[in-house]
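Enquirer: For reference, this is run-v8.cif, and it has mmCIF, N, CA and C atoms.
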data_entry
#
loop_
_atom_site.group_PDB
_atom_site.id
_atom_site.type_symbol
_atom_site.label_atom_id
_atom_site.label_comp_id
_atom_site.auth_asym_id
_atom_site.auth_seq_id
_atom_site.Cartn_x
_atom_site.Cartn_y
_atom_site.Cartn_z
ATOM 1 N N MET A 1 0.849 -1.168 0.000
ATOM 2 C CA MET A 1 0.000 0.000 0.000
ATOM 3 C C MET A 1 0.900 1.238 0.000
ATOM 4 N N SER A 2 0.576 2.173 -0.860
ATOM 5 C CA SER A 2 1.392 3.384 -0.952
ATOM 6 C C SER A 2 1.003 4.372 0.148
ATOM 7 N N ALA A 3 1.859 5.343 0.352
ATOM 8 C CA ALA A 3 1.601 6.377 1.359
ATOM 9 C C ALA A 3 0.352 7.177 1.003
ATOM 10 N N GLU A 4 0.134 7.417 -0.272
ATOM 11 C CA GLU A 4 -1.052 8.163 -0.708
ATOM 12 C C GLU A 4 -2.338 7.395 -0.403
ATOM 13 N N GLU A 5 -2.326 6.092 -0.649
ATOM 14 C CA GLU A 5 -3.496 5.266 -0.353
ATOM 15 C C GLU A 5 -3.782 5.254 1.148
ATOM 16 N N LEU A 6 -2.744 5.166 1.949
ATOM 17 C CA LEU A 6 -2.897 5.183 3.386
ATOM 18 C C LEU A 6 -3.458 6.520 3.859
ATOM 19 N N MET A 7 -2.973 7.603 3.319
ATOM 20 C CA MET A 7 -3.482 8.934 3.681
ATOM 21 C C MET A 7 -4.943 9.084 3.291
ATOM 22 N N ASP A 8 -5.328 8.552 2.142
ATOM 23 C CA ASP A 8 -6.730 8.602 1.729
ATOM 24 C C ASP A 8 -7.623 7.838 2.702
ATOM 25 N N LEU A 9 -7.160 6.700 3.154
ATOM 26 C CA LEU A 9 -7.925 5.922 4.134
ATOM 27 C C LEU A 9 -8.074 6.671 5.451
ATOM 28 N N LEU A 10 -7.012 7.293 5.898
ATOM 29 C CA LEU A 10 -7.046 8.021 7.163
ATOM 30 C C LEU A 10 -7.913 9.270 7.077
ATOM 31 N N LYS A 11 -7.878 9.957 5.956
ATOM 32 C CA LYS A 11 -8.694 11.152 5.786
ATOM 33 C C LYS A 11 -10.177 10.815 5.829
ATOM 34 N N ALA A 12 -10.556 9.721 5.249
ATOM 35 C CA ALA A 12 -11.967 9.335 5.209
ATOM 36 C C ALA A 12 -12.490 8.990 6.595
ATOM 37 N N ASP A 13 -11.600 8.619 7.513
ATOM 38 C CA ASP A 13 -12.010 8.188 8.849
ATOM 39 C C ASP A 13 -12.059 9.335 9.850
ATOM 40 N N ALA A 14 -11.444 10.456 9.553
ATOM 41 C CA ALA A 14 -11.361 11.570 10.494
ATOM 42 C C ALA A 14 -12.441 12.597 10.199
ATOM 43 N N SER A 15 -13.086 13.049 11.275
ATOM 44 C CA SER A 15 -14.100 14.084 11.143
ATOM 45 C C SER A 15 -14.000 15.012 12.346
ATOM 46 N N LEU A 16 -13.997 16.294 12.102
ATOM 47 C CA LEU A 16 -13.939 17.249 13.205
ATOM 48 C C LEU A 16 -15.298 17.483 13.840
ATOM 49 N N ALA A 17 -16.343 16.924 13.269
ATOM 50 C CA ALA A 17 -17.683 17.122 13.815
ATOM 51 C C ALA A 17 -17.826 16.489 15.193
ATOM 52 N N ASP A 18 -17.101 15.406 15.457
ATOM 53 C CA ASP A 18 -17.212 14.713 16.739
ATOM 54 C C ASP A 18 -16.154 15.132 17.748
ATOM 55 N N VAL A 19 -15.309 16.085 17.395
ATOM 56 C CA VAL A 19 -14.212 16.499 18.262
ATOM 57 C C VAL A 19 -14.593 17.796 18.961
ATOM 58 N N PRO A 20 -14.491 17.839 20.297
ATOM 59 C CA PRO A 20 -14.761 19.104 20.983
ATOM 60 C C PRO A 20 -13.758 20.166 20.543
ATOM 61 N N GLN A 21 -14.233 21.333 20.290
ATOM 62 C CA GLN A 21 -13.370 22.406 19.832
ATOM 63 C C GLN A 21 -12.773 23.151 21.020
ATOM 64 N N SER A 22 -11.600 23.676 20.835
ATOM 65 C CA SER A 22 -10.929 24.437 21.883
ATOM 66 C C SER A 22 -11.653 25.755 22.084
ATOM 67 N N ALA A 23 -11.759 26.147 23.337
ATOM 68 C CA ALA A 23 -12.365 27.426 23.688
ATOM 69 C C ALA A 23 -12.056 27.700 25.140
ATOM 70 N N ALA A 24 -12.245 28.920 25.530
ATOM 71 C CA ALA A 24 -12.080 29.268 26.933
ATOM 72 C C ALA A 24 -13.304 28.756 27.690
ATOM 73 N N VAL A 25 -13.082 28.148 28.833
ATOM 74 C CA VAL A 25 -14.170 27.650 29.663
ATOM 75 C C VAL A 25 -14.608 28.792 30.566
ATOM 76 N N SER A 26 -15.892 29.118 30.532
ATOM 77 C CA SER A 26 -16.391 30.231 31.338
ATOM 78 C C SER A 26 -16.332 29.881 32.821
ATOM 79 N N GLU A 27 -16.365 30.900 33.670
ATOM 80 C CA GLU A 27 -16.357 30.678 35.121
ATOM 81 C C GLU A 27 -17.556 29.846 35.555
ATOM 82 N N LYS A 28 -18.716 30.108 34.949
ATOM 83 C CA LYS A 28 -19.931 29.358 35.280
ATOM 84 C C LYS A 28 -19.757 27.884 34.930
ATOM 85 N N ASP A 29 -19.252 27.600 33.718
ATOM 86 C CA ASP A 29 -19.033 26.214 33.303
ATOM 87 C C ASP A 29 -17.972 25.540 34.171
ATOM 88 N N LEU A 30 -16.906 26.266 34.504
ATOM 89 C CA LEU A 30 -15.849 25.709 35.335
ATOM 90 C C LEU A 30 -16.376 25.356 36.728
ATOM 91 N N ASP A 31 -17.203 26.228 37.300
ATOM 92 C CA ASP A 31 -17.804 25.922 38.604
ATOM 93 C C ASP A 31 -18.659 24.664 38.526
ATOM 94 N N ALA A 32 -19.418 24.511 37.446
ATOM 95 C CA ALA A 32 -20.268 23.323 37.286
ATOM 96 C C ALA A 32 -19.425 22.066 37.096
ATOM 97 N N ILE A 33 -18.348 22.170 36.316
ATOM 98 C CA ILE A 33 -17.478 21.015 36.072
ATOM 99 C C ILE A 33 -16.804 20.573 37.367
ATOM 100 N N LEU A 34 -16.393 21.530 38.182
ATOM 101 C CA LEU A 34 -15.684 21.217 39.426
ATOM 102 C C LEU A 34 -16.615 20.814 40.562
ATOM 103 N N ASP A 35 -17.916 20.990 40.394
ATOM 104 C CA ASP A 35 -18.894 20.601 41.412
ATOM 105 C C ASP A 35 -18.985 19.076 41.449
ATOM 106 N N ARG A 36 -18.640 18.471 42.559
ATOM 107 C CA ARG A 36 -18.601 17.010 42.670
ATOM 108 C C ARG A 36 -19.684 16.451 43.591
ATOM 109 N N LYS A 37 -20.705 17.246 43.896
ATOM 110 C CA LYS A 37 -21.765 16.779 44.793
ATOM 111 C C LYS A 37 -22.457 15.527 44.274
ATOM 112 N N HIS A 38 -22.579 15.415 42.961
ATOM 113 C CA HIS A 38 -23.243 14.244 42.374
ATOM 114 C C HIS A 38 -22.427 12.968 42.564
ATOM 115 N N MET A 39 -21.142 13.098 42.864
ATOM 116 C CA MET A 39 -20.322 11.909 43.097
ATOM 117 C C MET A 39 -20.532 11.365 44.507
ATOM 118 N N VAL A 40 -20.925 12.228 45.427
ATOM 119 C CA VAL A 40 -21.206 11.813 46.801
ATOM 120 C C VAL A 40 -22.631 11.290 46.911
ATOM 121 N N ASP A 41 -23.564 11.984 46.262
ATOM 122 C CA ASP A 41 -24.974 11.601 46.282
ATOM 123 C C ASP A 41 -25.356 11.113 44.890
ATOM 124 N N SER A 42 -25.439 9.805 44.717
ATOM 125 C CA SER A 42 -25.676 9.223 43.381
ATOM 126 C C SER A 42 -27.072 9.515 42.837
ATOM 127 N N THR A 43 -27.960 10.098 43.647
ATOM 128 C CA THR A 43 -29.286 10.437 43.135
ATOM 129 C C THR A 43 -29.277 11.773 42.390
ATOM 130 N N LEU A 44 -28.213 12.553 42.551
ATOM 131 C CA LEU A 44 -28.116 13.837 41.864
ATOM 132 C C LEU A 44 -27.524 13.655 40.469
ATOM 133 N N PRO A 45 -28.087 14.333 39.486
ATOM 134 C CA PRO A 45 -27.486 14.271 38.138
ATOM 135 C C PRO A 45 -26.254 15.172 38.086
ATOM 136 N N PRO A 46 -25.349 14.926 37.167
ATOM 137 C CA PRO A 46 -24.198 15.822 37.021
ATOM 138 C C PRO A 46 -24.694 17.235 36.672
ATOM 139 N N PRO A 47 -24.082 18.269 37.238
ATOM 140 C CA PRO A 47 -24.551 19.642 36.990
ATOM 141 C C PRO A 47 -23.988 20.249 35.706
ATOM 142 N N TYR A 48 -23.571 19.425 34.766
ATOM 143 C CA TYR A 48 -22.955 19.915 33.539
ATOM 144 C C TYR A 48 -23.301 18.990 32.387
ATOM 145 N N ALA A 49 -23.113 19.495 31.190
ATOM 146 C CA ALA A 49 -23.280 18.672 29.988
ATOM 147 C C ALA A 49 -22.037 17.798 29.844
ATOM 148 N N PHE A 50 -22.119 16.722 29.088
ATOM 149 C CA PHE A 50 -20.983 15.824 28.941
ATOM 150 C C PHE A 50 -19.957 16.321 27.936
ATOM 151 N N SER A 51 -20.257 17.383 27.229
ATOM 152 C CA SER A 51 -19.252 18.036 26.390
ATOM 153 C C SER A 51 -19.664 19.486 26.207
ATOM 154 N N GLY A 52 -18.680 20.286 25.955
ATOM 155 C CA GLY A 52 -18.924 21.706 25.750
ATOM 156 C C GLY A 52 -17.700 22.336 25.115
ATOM 157 N N PRO A 53 -17.750 23.632 24.887
ATOM 158 C CA PRO A 53 -16.593 24.288 24.273
ATOM 159 C C PRO A 53 -15.413 24.267 25.238
ATOM 160 N N GLY A 54 -14.402 23.495 24.900
ATOM 161 C CA GLY A 54 -13.207 23.429 25.725
ATOM 162 C C GLY A 54 -13.096 22.211 26.612
ATOM 163 N N TRP A 55 -14.124 21.353 26.668
ATOM 164 C CA TRP A 55 -14.027 20.144 27.495
ATOM 165 C C TRP A 55 -14.931 19.043 26.972
ATOM 166 N N GLU A 56 -14.613 17.839 27.369
ATOM 167 C CA GLU A 56 -15.439 16.662 27.098
ATOM 168 C C GLU A 56 -15.221 15.685 28.241
ATOM 169 N N VAL A 57 -16.314 15.160 28.790
ATOM 170 C CA VAL A 57 -16.220 14.193 29.878
ATOM 171 C C VAL A 57 -15.835 12.844 29.293
ATOM 172 N N VAL A 58 -14.801 12.240 29.847
ATOM 173 C CA VAL A 58 -14.333 10.932 29.396
ATOM 174 C C VAL A 58 -14.869 9.905 30.381
ATOM 175 N N THR A 59 -15.627 8.948 29.877
ATOM 176 C CA THR A 59 -16.190 7.912 30.740
ATOM 177 C C THR A 59 -15.490 6.593 30.466
ATOM 178 N N GLN A 60 -15.354 5.810 31.518
ATOM 179 C CA GLN A 60 -14.707 4.509 31.379
ATOM 180 C C GLN A 60 -15.728 3.495 30.883
ATOM 181 N N MET A 61 -15.347 2.738 29.880
ATOM 182 C CA MET A 61 -16.197 1.677 29.363
ATOM 183 C C MET A 61 -15.923 0.401 30.155
ATOM 184 N N ASP A 62 -16.920 -0.443 30.294
ATOM 185 C CA ASP A 62 -16.731 -1.705 31.015
ATOM 186 C C ASP A 62 -15.592 -2.507 30.416
ATOM 187 N N GLY A 63 -14.688 -2.960 31.260
ATOM 188 C CA GLY A 63 -13.585 -3.786 30.804
ATOM 189 C C GLY A 63 -12.437 -3.038 30.186
ATOM 190 N N SER A 64 -12.490 -1.703 30.195
ATOM 191 C CA SER A 64 -11.432 -0.941 29.541
ATOM 192 C C SER A 64 -10.391 -0.425 30.514
ATOM 193 N N GLY A 65 -10.471 -0.809 31.774
ATOM 194 C CA GLY A 65 -9.526 -0.330 32.757
ATOM 195 C C GLY A 65 -8.134 -0.887 32.552
ATOM 196 N N LEU A 66 -7.165 -0.199 33.098
ATOM 197 C CA LEU A 66 -5.774 -0.604 32.959
ATOM 198 C C LEU A 66 -5.522 -1.984 33.554
ATOM 199 N N LEU A 67 -6.170 -2.294 34.652
ATOM 200 C CA LEU A 67 -5.945 -3.565 35.327
ATOM 201 C C LEU A 67 -7.041 -4.609 35.062
ATOM 202 N N SER A 68 -7.862 -4.370 34.048
ATOM 203 C CA SER A 68 -8.987 -5.281 33.795
ATOM 204 C C SER A 68 -8.534 -6.677 33.387
ATOM 205 N N SER A 69 -7.362 -6.789 32.789
ATOM 206 C CA SER A 69 -6.915 -8.114 32.341
ATOM 207 C C SER A 69 -6.010 -8.811 33.353
ATOM 208 N N VAL A 70 -5.710 -8.139 34.478
ATOM 209 C CA VAL A 70 -4.857 -8.739 35.500
ATOM 210 C C VAL A 70 -5.696 -9.682 36.351
ATOM 211 N N GLN A 71 -5.166 -10.878 36.563
ATOM 212 C CA GLN A 71 -5.916 -11.857 37.361
ATOM 213 C C GLN A 71 -5.326 -12.011 38.732
#
Represent the structure of the file as structure tokens.

Expert:
Amino acid sequence: MSAEELMDLLKADASLADVPQSAAVSEKDLDAILDRKHMVDSTLPPPYAFSGPGWEVVTQMDGSGLLSSVQ
């Protein structure tokens, strides 16, 4: 496979539509992101969206942990 063919394959797979864009995080958004009350009380929803300008919440998928394969 040539370098050009490989680049064509990679270009077709990349899309900026799913990538959070860089931006300054407002004080209001930062306060909401840093609010951890929902981690103590599991009945509370997170006080923020899962993505926004300048951030994206990364969630762990089942079985994807670093030590998941250690017995």

Enquirer: I'd like the interatomic distance between atom N of Val57 (chain A) and atom C of Leu10 (chain A), to a tenth of an Å.

Expert: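 Between atom N of Val57 (chain A) and atom C of Leu10 (chain A) the gap works out to 24.0 Å.
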
Enquirer: If we count all atoms listed in the file, what is near region 45-49 of chain A at a cut-off of 7 Å, once residues fewer than 3 positions away on the same chain are taken out, given as a list in words?

Expert: Ala32, Ile33, Asp35, His38, Asp41, Ser42, Gly52 and Val57 of chain A

Enquirer: Kindly give the distance, in Å, that separates CA of Glu56 (chain A) and atom N of Ser26 (chain A), rounded to a single decimal.

Expert: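 Atom N of Ser26 (chain A) lies at a distance of 12.9 Å from CA of Glu56 (chain A).
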
Enquirer: What is the distance, in Å and to one decimal place, between CA of Leu30 (chain A) and CA of Phe50 (chain A)?

Expert: 12.8 Å

Enquirer: Provide an axis-aligned box for all listed atoms of region 33-47 of chain A, padding each side by 8 Å; report its centre and its edge lengths in Å to one decimal, as JSON.

Expert:
{"center_x": -22.5, "center_y": 15.7, "center_z": 41.3, "size_x": 29.6, "size_y": 28.9, "size_z": 27.2}

Enquirer: Running DSSP on the backbone, which parts of region 16-58 of chain A land in helix (DSSP H, G or I), as a ChimeraX atom specification?

Expert: /A:16-18,27-34,37-40
